[in-house]
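**Student:** Please find query_5.csv (CSV, N, CA and C atoms) on the next line:
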chain,number,residue,atom,x,y,z
P,20,MET,N,-32.6,-131.1,-84.5
P,20,MET,CA,-33.6,-131.1,-85.6
P,20,MET,C,-33.1,-130.5,-86.8
P,21,PRO,N,-33.1,-131.2,-87.9
P,21,PRO,CA,-32.6,-130.7,-89.2
P,21,PRO,C,-33.3,-129.4,-89.6
P,22,ALA,N,-32.6,-128.5,-90.3
P,22,ALA,CA,-33.2,-127.3,-90.7
P,22,ALA,C,-34.4,-127.5,-91.6
P,23,VAL,N,-34.4,-128.4,-92.5
P,23,VAL,CA,-35.5,-128.6,-93.4
P,23,VAL,C,-36.7,-129.0,-92.6
P,24,LEU,N,-36.6,-129.7,-91.5
P,24,LEU,CA,-37.8,-130.1,-90.7
P,24,LEU,C,-38.3,-128.9,-89.9
P,25,GLN,N,-37.4,-128.0,-89.6
P,25,GLN,CA,-37.8,-126.8,-88.9
P,25,GLN,C,-38.7,-125.9,-89.9
P,26,ILE,N,-38.2,-125.8,-91.1
P,26,ILE,CA,-39.0,-125.1,-92.2
P,26,ILE,C,-40.3,-125.8,-92.4
P,27,GLU,N,-40.3,-127.1,-92.5
P,27,GLU,CA,-41.6,-127.9,-92.7
P,27,GLU,C,-42.6,-127.6,-91.5
P,28,ALA,N,-42.1,-127.6,-90.3
P,28,ALA,CA,-42.9,-127.4,-89.2
P,28,ALA,C,-43.5,-125.9,-89.2
P,29,MET,N,-42.7,-125.0,-89.6
P,29,MET,CA,-43.2,-123.6,-89.7
P,29,MET,C,-44.2,-123.5,-90.8
P,30,ALA,N,-44.0,-124.2,-91.9
P,30,ALA,CA,-45.0,-124.1,-93.0
P,30,ALA,C,-46.3,-124.8,-92.6
P,31,GLN,N,-46.2,-125.9,-91.9
P,31,GLN,CA,-47.5,-126.5,-91.5
P,31,GLN,C,-48.2,-125.7,-90.5
P,32,ALA,N,-47.5,-125.1,-89.5
P,32,ALA,CA,-48.2,-124.2,-88.5
P,32,ALA,C,-48.8,-123.0,-89.2
P,33,ALA,N,-48.1,-122.4,-90.2
P,33,ALA,CA,-48.7,-121.3,-90.9
P,33,ALA,C,-49.9,-121.7,-91.7
P,34,GLY,N,-49.9,-122.9,-92.3
P,34,GLY,CA,-51.0,-123.3,-93.1
P,34,GLY,C,-52.2,-123.5,-92.2
P,35,VAL,N,-52.1,-124.1,-91.1
P,35,VAL,CA,-53.2,-124.3,-90.1
P,35,VAL,C,-53.7,-122.9,-89.7
P,36,LEU,N,-52.8,-122.0,-89.3
P,36,LEU,CA,-53.3,-120.7,-88.9
P,36,LEU,C,-54.0,-120.0,-90.0
P,37,LEU,N,-53.5,-120.1,-91.2
P,37,LEU,CA,-54.2,-119.4,-92.4
P,37,LEU,C,-55.6,-120.0,-92.6
P,38,LEU,N,-55.8,-121.3,-92.6
P,38,LEU,CA,-57.1,-121.9,-92.8
P,38,LEU,C,-58.0,-121.5,-91.7
P,39,ARG,N,-57.5,-121.4,-90.5
P,39,ARG,CA,-58.4,-121.0,-89.3
P,39,ARG,C,-58.8,-119.5,-89.4
P,40,GLN,N,-57.9,-118.7,-89.8
P,40,GLN,CA,-58.1,-117.2,-89.9
P,40,GLN,C,-59.1,-116.9,-91.0
P,41,ILE,N,-59.1,-117.6,-92.1
P,41,ILE,CA,-60.0,-117.2,-93.2
P,41,ILE,C,-61.2,-118.1,-93.3
P,42,SER,N,-61.5,-118.9,-92.3
P,42,SER,CA,-62.6,-119.9,-92.3
P,42,SER,C,-62.4,-120.8,-93.6
P,43,GLY,N,-61.4,-121.5,-93.6
P,43,GLY,CA,-61.0,-122.2,-94.8
P,43,GLY,C,-61.7,-123.6,-95.0
P,44,ASP,N,-63.0,-123.6,-94.8
P,44,ASP,CA,-63.8,-124.9,-95.0
P,44,ASP,C,-63.8,-125.1,-96.5
P,45,GLY,N,-63.4,-126.3,-96.9
P,45,GLY,CA,-63.3,-126.7,-98.3
P,45,GLY,C,-62.1,-126.2,-99.0
P,46,LYS,N,-61.1,-125.6,-98.3
P,46,LYS,CA,-59.9,-125.1,-98.9
P,46,LYS,C,-58.7,-125.9,-98.5
P,47,VAL,N,-57.7,-125.8,-99.3
P,47,VAL,CA,-56.4,-126.4,-98.9
P,47,VAL,C,-55.3,-125.3,-99.1
P,48,ALA,N,-54.4,-125.2,-98.2
P,48,ALA,CA,-53.3,-124.3,-98.3
P,48,ALA,C,-52.1,-125.0,-98.9
P,49,LEU,N,-51.7,-124.6,-100.1
P,49,LEU,CA,-50.5,-125.2,-100.8
P,49,LEU,C,-49.3,-124.4,-100.5
P,50,PHE,N,-48.3,-125.0,-100.0
P,50,PHE,CA,-47.0,-124.3,-99.7
P,50,PHE,C,-46.3,-123.9,-101.1
P,51,MET,N,-46.1,-122.6,-101.3
P,51,MET,CA,-45.5,-122.2,-102.6
P,51,MET,C,-44.0,-121.9,-102.5
P,52,SER,N,-43.6,-121.1,-101.5
P,52,SER,CA,-42.2,-120.7,-101.4
P,52,SER,C,-41.8,-120.3,-100.0
P,53,CYS,N,-40.5,-120.3,-99.8
P,53,CYS,CA,-39.9,-120.0,-98.6
P,53,CYS,C,-38.7,-119.0,-98.9
P,54,ASP,N,-38.8,-117.8,-98.3
P,54,ASP,CA,-37.8,-116.8,-98.6
P,54,ASP,C,-37.2,-116.3,-97.3
P,55,LYS,N,-36.1,-115.6,-97.4
P,55,LYS,CA,-35.4,-115.0,-96.3
P,55,LYS,C,-35.1,-116.0,-95.1
P,56,VAL,N,-34.7,-117.2,-95.5
P,56,VAL,CA,-34.5,-118.2,-94.4
P,56,VAL,C,-33.2,-117.9,-93.7
P,57,LYS,N,-33.3,-117.9,-92.4
P,57,LYS,CA,-32.1,-117.7,-91.5
P,57,LYS,C,-32.0,-118.9,-90.5
P,58,LEU,N,-30.9,-119.6,-90.5
P,58,LEU,CA,-30.7,-120.7,-89.6
P,58,LEU,C,-29.5,-120.2,-88.7
P,59,ARG,N,-29.9,-119.9,-87.5
P,59,ARG,CA,-28.9,-119.3,-86.6
P,59,ARG,C,-28.1,-120.3,-85.7
P,60,TYR,N,-28.9,-121.2,-85.1
P,60,TYR,CA,-28.2,-122.1,-84.1
P,60,TYR,C,-28.8,-123.5,-84.4
P,61,PRO,N,-27.9,-124.6,-84.1
P,61,PRO,CA,-28.4,-125.9,-84.2
P,61,PRO,C,-29.5,-126.3,-83.1
P,62,VAL,N,-30.4,-127.1,-83.5
P,62,VAL,CA,-31.4,-127.6,-82.5
P,62,VAL,C,-31.0,-129.1,-82.3
P,63,VAL,N,-30.7,-129.5,-81.0
P,63,VAL,CA,-30.2,-130.8,-80.7
P,63,VAL,C,-31.3,-131.6,-79.9
P,64,PRO,N,-31.2,-132.9,-79.8
P,64,PRO,CA,-32.1,-133.7,-79.0
P,64,PRO,C,-32.2,-133.1,-77.6
P,65,GLY,N,-33.4,-133.0,-77.1
P,65,GLY,CA,-33.7,-132.5,-75.8
P,65,GLY,C,-34.1,-131.1,-75.8
P,66,ASP,N,-33.9,-130.3,-76.8
P,66,ASP,CA,-34.3,-129.0,-76.9
P,66,ASP,C,-35.8,-128.9,-77.2
P,67,GLN,N,-36.5,-127.9,-76.6
P,67,GLN,CA,-37.9,-127.7,-76.8
P,67,GLN,C,-38.1,-126.6,-77.8
P,68,LEU,N,-38.6,-127.0,-79.0
P,68,LEU,CA,-38.7,-126.0,-80.1
P,68,LEU,C,-40.1,-125.3,-80.0
P,69,GLU,N,-40.1,-124.0,-80.0
P,69,GLU,CA,-41.3,-123.2,-80.0
P,69,GLU,C,-41.4,-122.6,-81.3
P,70,ILE,N,-42.6,-122.7,-82.0
P,70,ILE,CA,-42.8,-122.2,-83.3
P,70,ILE,C,-43.8,-121.1,-83.2
P,71,ARG,N,-43.5,-119.9,-83.8
P,71,ARG,CA,-44.4,-118.7,-83.8
P,71,ARG,C,-44.6,-118.3,-85.2
P,72,VAL,N,-45.9,-118.1,-85.6
P,72,VAL,CA,-46.2,-117.8,-86.9
P,72,VAL,C,-47.2,-116.6,-86.9
P,73,LYS,N,-47.0,-115.7,-87.9
P,73,LYS,CA,-47.8,-114.5,-88.0
P,73,LYS,C,-48.2,-114.3,-89.5
P,74,LEU,N,-49.5,-114.2,-89.8
P,74,LEU,CA,-50.0,-113.9,-91.1
P,74,LEU,C,-49.7,-112.4,-91.4
P,75,ASP,N,-49.0,-112.2,-92.6
P,75,ASP,CA,-48.7,-110.9,-93.0
P,75,ASP,C,-49.7,-110.3,-94.0
P,76,LYS,N,-50.0,-111.1,-95.0
P,76,LYS,CA,-50.9,-110.6,-96.0
P,76,LYS,C,-51.8,-111.7,-96.6
P,77,VAL,N,-53.0,-111.4,-96.9
P,77,VAL,CA,-53.9,-112.3,-97.6
P,77,VAL,C,-54.4,-111.5,-98.8
P,78,ARG,N,-54.1,-111.9,-100.0
P,78,ARG,CA,-54.5,-111.0,-101.1
P,78,ARG,C,-55.0,-111.9,-102.3
P,79,GLY,N,-55.3,-111.2,-103.4
P,79,GLY,CA,-55.8,-111.9,-104.5
P,79,GLY,C,-57.2,-112.6,-104.3
P,80,GLY,N,-58.0,-111.8,-103.5
P,80,GLY,CA,-59.3,-112.4,-103.2
P,80,GLY,C,-59.3,-113.6,-102.3
P,81,GLY,N,-58.2,-113.6,-101.4
P,81,GLY,CA,-58.1,-114.8,-100.5
P,81,GLY,C,-57.4,-116.0,-101.2
P,82,LYS,N,-56.7,-115.8,-102.3
P,82,LYS,CA,-56.1,-116.9,-103.0
P,82,LYS,C,-54.6,-117.1,-102.7
P,83,ILE,N,-54.0,-116.0,-102.3
P,83,ILE,CA,-52.5,-116.0,-102.0
P,83,ILE,C,-52.3,-115.4,-100.6
P,84,ALA,N,-51.4,-116.0,-99.8
P,84,ALA,CA,-51.2,-115.6,-98.5
P,84,ALA,C,-49.7,-115.6,-98.2
P,85,LYS,N,-49.2,-114.7,-97.3
P,85,LYS,CA,-47.8,-114.6,-96.9
P,85,LYS,C,-47.8,-114.6,-95.4
P,86,ALA,N,-46.8,-115.3,-94.9
P,86,ALA,CA,-46.7,-115.4,-93.4
P,86,ALA,C,-45.2,-115.3,-93.1
P,87,SER,N,-44.9,-114.9,-91.8
P,87,SER,CA,-43.6,-115.0,-91.3
P,87,SER,C,-43.6,-115.9,-90.1
P,88,ALA,N,-42.5,-116.6,-89.9
P,88,ALA,CA,-42.4,-117.5,-88.8
P,88,ALA,C,-41.0,-117.6,-88.2
P,89,PHE,N,-40.9,-118.0,-87.0
P,89,PHE,CA,-39.6,-118.2,-86.4
P,89,PHE,C,-39.7,-119.3,-85.3
P,90,CYS,N,-38.6,-119.9,-85.1
P,90,CYS,CA,-38.5,-121.0,-84.1
P,90,CYS,C,-37.6,-120.5,-83.0
P,91,LYS,N,-37.9,-120.8,-81.7
P,91,LYS,CA,-37.1,-120.5,-80.6
P,91,LYS,C,-36.8,-121.7,-79.8
P,92,VAL,N,-35.7,-121.7,-79.2
P,92,VAL,CA,-35.3,-122.7,-78.1
P,92,VAL,C,-34.9,-121.8,-76.9
P,93,GLY,N,-35.7,-121.9,-75.9
P,93,GLY,CA,-35.5,-121.0,-74.7
P,93,GLY,C,-35.7,-119.6,-75.2
P,94,LYS,N,-34.7,-118.7,-75.0
P,94,LYS,CA,-34.8,-117.3,-75.4
P,94,LYS,C,-34.1,-117.0,-76.7
P,95,LYS,N,-33.5,-118.0,-77.3
P,95,LYS,CA,-32.8,-117.8,-78.6
P,95,LYS,C,-33.6,-118.1,-79.8
P,96,ASN,N,-33.6,-117.2,-80.8
P,96,ASN,CA,-34.2,-117.5,-82.1
P,96,ASN,C,-33.3,-118.4,-82.8
P,97,VAL,N,-33.7,-119.6,-83.2
P,97,VAL,CA,-32.8,-120.5,-83.9
P,97,VAL,C,-33.0,-120.5,-85.4
P,98,SER,N,-34.2,-120.1,-85.9
P,98,SER,CA,-34.4,-120.1,-87.3
P,98,SER,C,-35.7,-119.2,-87.6
P,99,SER,N,-35.7,-118.6,-88.8
P,99,SER,CA,-36.8,-117.8,-89.2
P,99,SER,C,-37.0,-117.9,-90.8
P,100,CYS,N,-38.1,-117.5,-91.2
P,100,CYS,CA,-38.4,-117.5,-92.7
P,100,CYS,C,-39.7,-116.8,-93.0
P,101,GLU,N,-39.8,-116.4,-94.3
P,101,GLU,CA,-41.1,-115.9,-94.8
P,101,GLU,C,-41.7,-117.0,-95.7
P,102,LEU,N,-43.0,-117.3,-95.6
P,102,LEU,CA,-43.6,-118.3,-96.3
P,102,LEU,C,-44.7,-117.8,-97.2
P,103,MET,N,-45.0,-118.4,-98.3
P,103,MET,CA,-46.1,-118.0,-99.2
P,103,MET,C,-46.9,-119.3,-99.5
P,104,PHE,N,-48.2,-119.1,-99.5
P,104,PHE,CA,-49.2,-120.1,-99.8
P,104,PHE,C,-50.2,-119.7,-100.9
P,105,ALA,N,-50.7,-120.7,-101.5
P,105,ALA,CA,-51.8,-120.6,-102.5
P,105,ALA,C,-53.0,-121.3,-101.8
P,106,LEU,N,-54.2,-120.7,-101.9
P,106,LEU,CA,-55.4,-121.3,-101.3
P,106,LEU,C,-56.2,-121.8,-102.5
P,107,VAL,N,-56.5,-123.1,-102.5
P,107,VAL,CA,-57.3,-123.7,-103.6
P,107,VAL,C,-58.5,-124.5,-103.0
P,108,ASP,N,-59.5,-124.7,-103.8
P,108,ASP,CA,-60.7,-125.5,-103.4
P,108,ASP,C,-60.3,-126.9,-103.2
P,109,ASP,N,-60.8,-127.6,-102.2
P,109,ASP,CA,-60.5,-129.0,-102.0
P,109,ASP,C,-61.5,-129.9,-102.8
P,110,ALA,N,-61.3,-129.9,-104.1
P,110,ALA,CA,-62.2,-130.6,-105.0
P,110,ALA,C,-62.0,-132.1,-104.9
P,111,ASP,N,-60.8,-132.5,-104.6
P,111,ASP,CA,-60.5,-133.9,-104.7
P,111,ASP,C,-60.5,-134.6,-103.3
P,112,GLY,N,-60.8,-133.8,-102.3
P,112,GLY,CA,-60.8,-134.4,-100.9
P,112,GLY,C,-59.4,-134.6,-100.4
P,113,VAL,N,-58.5,-133.8,-100.7
P,113,VAL,CA,-57.1,-133.9,-100.3
P,113,VAL,C,-56.9,-133.8,-98.9
Show the structure stored in the file as structure tokens.
**Tutor:**
Amino acid sequence: MPAVLQIEAMAQAAGVLLLRQISGDGKVALFMSCDKVKLRYPVVPGDQLEIRVKLDKVRGGGKIAKASAFCKVGKKNVSSCELMFALVDDADGV
């Protein structure tokens, strides 16, 4: 699995967790940044990728959030990163 797709998967999992934690009805989590990315091992076809996400901070009156995430294959951590999101109202029905 390419590294960029691992980061995308971690960002989507963090966005879902964020919206569930803050009761995000009528909100959208916009992915802002990805820091401290570490890509340790390749993920090949047949590997089962496990994604773990933890919310670190929600600040700015619930408008900015930071999460950390990592991917595992078996007992090996294959990638990790810190993610930042902006929470906005879903005015356009996105």
**Student:** One decimal, in Å: what's the spacing between atom N of Leu49 in chain P and atom C of Ala84 in chain P?
**Tutor:** 9.4 Å
**Student:** For a test of reading the model, state the distance in Å between CA of Asn96 in chain P and CA of Lys55 in chain P, rounded to one decimal.
**Tutor:**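 Those two atoms sit 14.5 Å apart.
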**Student:** Going by DSSP on the backbone, which bits of chain P are strand (DSSP E)? Write them as a PyMOL selection string, please.
**Tutor:** chain P and resi 46-58+68-78+83-92+95-108
**Student:** From the list P:Leu106, P:Ile70, P:Met20, P:Pro64, which residue is nearest Ile83 in chain P when using all atoms listed in the file?
**Tutor:** P:Leu106
**Student:** Can you tell me, as number ranges by chain, which residues in chain P count as alpha helix (DSSP H) by DSSP?
**Tutor:** P: 22-40
**Student:** Within 12 Å of Leu38 in chain P, counting only C-alpha atoms, which residues qualify if same-chain residues fewer than 3 places away don't, as an mmCIF file with N, CA and C atoms, in the frame of the given file?
**Tutor:**
data_model
loop_
_atom_site.group_PDB
_atom_site.id
_atom_site.type_symbol
_atom_site.label_atom_id
_atom_site.label_comp_id
_atom_site.auth_asym_id
_atom_site.auth_seq_id
_atom_site.Cartn_x
_atom_site.Cartn_y
_atom_site.Cartn_z
ATOM 1 N N GLN P 31 -46.200 -125.900 -91.900
ATOM 2 C CA GLN P 31 -47.500 -126.500 -91.500
ATOM 3 C C GLN P 31 -48.200 -125.700 -90.500
ATOM 4 N N ALA P 32 -47.500 -125.100 -89.500
ATOM 5 C CA ALA P 32 -48.200 -124.200 -88.500
ATOM 6 C C ALA P 32 -48.800 -123.000 -89.200
ATOM 7 N N ALA P 33 -48.100 -122.400 -90.200
ATOM 8 C CA ALA P 33 -48.700 -121.300 -90.900
ATOM 9 C C ALA P 33 -49.900 -121.700 -91.700
ATOM 10 N N GLY P 34 -49.900 -122.900 -92.300
ATOM 11 C CA GLY P 34 -51.000 -123.300 -93.100
ATOM 12 C C GLY P 34 -52.200 -123.500 -92.200
ATOM 13 N N VAL P 35 -52.100 -124.100 -91.100
ATOM 14 C CA VAL P 35 -53.200 -124.300 -90.100
ATOM 15 C C VAL P 35 -53.700 -122.900 -89.700
ATOM 16 N N ILE P 41 -59.100 -117.600 -92.100
ATOM 17 C CA ILE P 41 -60.000 -117.200 -93.200
ATOM 18 C C ILE P 41 -61.200 -118.100 -93.300
ATOM 19 N N SER P 42 -61.500 -118.900 -92.300
ATOM 20 C CA SER P 42 -62.600 -119.900 -92.300
ATOM 21 C C SER P 42 -62.400 -120.800 -93.600
ATOM 22 N N GLY P 43 -61.400 -121.500 -93.600
ATOM 23 C CA GLY P 43 -61.000 -122.200 -94.800
ATOM 24 C C GLY P 43 -61.700 -123.600 -95.000
ATOM 25 N N ASP P 44 -63.000 -123.600 -94.800
ATOM 26 C CA ASP P 44 -63.800 -124.900 -95.000
ATOM 27 C C ASP P 44 -63.800 -125.100 -96.500
ATOM 28 N N GLY P 45 -63.400 -126.300 -96.900
ATOM 29 C CA GLY P 45 -63.300 -126.700 -98.300
ATOM 30 C C GLY P 45 -62.100 -126.200 -99.000
ATOM 31 N N LYS P 46 -61.100 -125.600 -98.300
ATOM 32 C CA LYS P 46 -59.900 -125.100 -98.900
ATOM 33 C C LYS P 46 -58.700 -125.900 -98.500
ATOM 34 N N VAL P 47 -57.700 -125.800 -99.300
ATOM 35 C CA VAL P 47 -56.400 -126.400 -98.900
ATOM 36 C C VAL P 47 -55.300 -125.300 -99.100
ATOM 37 N N ALA P 48 -54.400 -125.200 -98.200
ATOM 38 C CA ALA P 48 -53.300 -124.300 -98.300
ATOM 39 C C ALA P 48 -52.100 -125.000 -98.900
ATOM 40 N N LEU P 49 -51.700 -124.600 -100.100
ATOM 41 C CA LEU P 49 -50.500 -125.200 -100.800
ATOM 42 C C LEU P 49 -49.300 -124.400 -100.500
ATOM 43 N N LEU P 74 -49.500 -114.200 -89.800
ATOM 44 C CA LEU P 74 -50.000 -113.900 -91.100
ATOM 45 C C LEU P 74 -49.700 -112.400 -91.400
ATOM 46 N N VAL P 77 -53.000 -111.400 -96.900
ATOM 47 C CA VAL P 77 -53.900 -112.300 -97.600
ATOM 48 C C VAL P 77 -54.400 -111.500 -98.800
ATOM 49 N N GLY P 81 -58.200 -113.600 -101.400
ATOM 50 C CA GLY P 81 -58.100 -114.800 -100.500
ATOM 51 C C GLY P 81 -57.400 -116.000 -101.200
ATOM 52 N N LYS P 82 -56.700 -115.800 -102.300
ATOM 53 C CA LYS P 82 -56.100 -116.900 -103.000
ATOM 54 C C LYS P 82 -54.600 -117.100 -102.700
ATOM 55 N N ILE P 83 -54.000 -116.000 -102.300
ATOM 56 C CA ILE P 83 -52.500 -116.000 -102.000
ATOM 57 C C ILE P 83 -52.300 -115.400 -100.600
ATOM 58 N N ALA P 84 -51.400 -116.000 -99.800
ATOM 59 C CA ALA P 84 -51.200 -115.600 -98.500
ATOM 60 C C ALA P 84 -49.700 -115.600 -98.200
ATOM 61 N N PHE P 104 -48.200 -119.100 -99.500
ATOM 62 C CA PHE P 104 -49.200 -120.100 -99.800
ATOM 63 C C PHE P 104 -50.200 -119.700 -100.900
ATOM 64 N N ALA P 105 -50.700 -120.700 -101.500
ATOM 65 C CA ALA P 105 -51.800 -120.600 -102.500
ATOM 66 C C ALA P 105 -53.000 -121.300 -101.800
ATOM 67 N N LEU P 106 -54.200 -120.700 -101.900
ATOM 68 C CA LEU P 106 -55.400 -121.300 -101.300
ATOM 69 C C LEU P 106 -56.200 -121.800 -102.500
ATOM 70 N N VAL P 107 -56.500 -123.100 -102.500
ATOM 71 C CA VAL P 107 -57.300 -123.700 -103.600
ATOM 72 C C VAL P 107 -58.500 -124.500 -103.000
ATOM 73 N N ASP P 108 -59.500 -124.700 -103.800
ATOM 74 C CA ASP P 108 -60.700 -125.500 -103.400
ATOM 75 C C ASP P 108 -60.300 -126.900 -103.200
#
**Student:** Which residue out of P:Met29, P:Met103, P:Cys90, P:Ala22 has the minimum interatomic distance to Met51 in chain P when all atoms listed in the file are used?
**Tutor:**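 Of all the options, P:Met103 lies closest to Met51 in chain P.
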**Student:** Considering only C-alpha atoms, return as a ChimeraX atom specification whatever protein or nucleic-acid residues lie within 10 Å of Asp54 in chain P, sequence-local ones (same chain, fewer than 5 positions apart) excluded.
**Tutor:** /P:87,99-103
**Student:** Mind pulling up the distance from CA of Leu37 in chain P to CA of Arg59 in chain P?
**Tutor:** 26.0 Å
**Student:** For Leu58 in chain P, which residue out of P:Ala86, P:Leu24, P:Ala30, P:Val97 is the nearest one, using only N, CA and C atoms?
**Tutor:** P:Val97
**Student:** Under the rule that only N, CA and C atoms are counted, which of P:Val62, P:Ala88, P:Val72, P:Cys53 is the nearest residue to Pro21 in chain P?
**Tutor:**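 Smallest distance to Pro21 in chain P is found for P:Val62.
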**Student:** Find, counting all atoms listed in the file, the residue in P:Gly79, P:Glu27, P:Ser52, P:Gly93 that gets nearest to Asp66 in chain P.
**Tutor:**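 Between P:Gly79, P:Glu27, P:Ser52, P:Gly93, the residue approaching Asp66 in chain P most closely is P:Gly93.
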**Student:** Which residue out of P:Arg78, P:Asp109, P:Gly65, P:Tyr60 has the minimum interatomic distance to Lys94 in chain P when only C-alpha atoms are used?
**Tutor:**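 When distances to Lys94 in chain P are compared using only C-alpha atoms, the smallest one comes from P:Tyr60.
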**Student:** Can you pull out the residues contacting Glu69 in chain P? Cut-off 6 Å, using only N, CA and C atoms, and skip same-chain residues under 5 positions away; I want them as a list of chain:residue names.
**Tutor:**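 Using only N, CA and C atoms, the neighbours found are P:Phe89, P:Cys90, P:Lys91, P:Val92.
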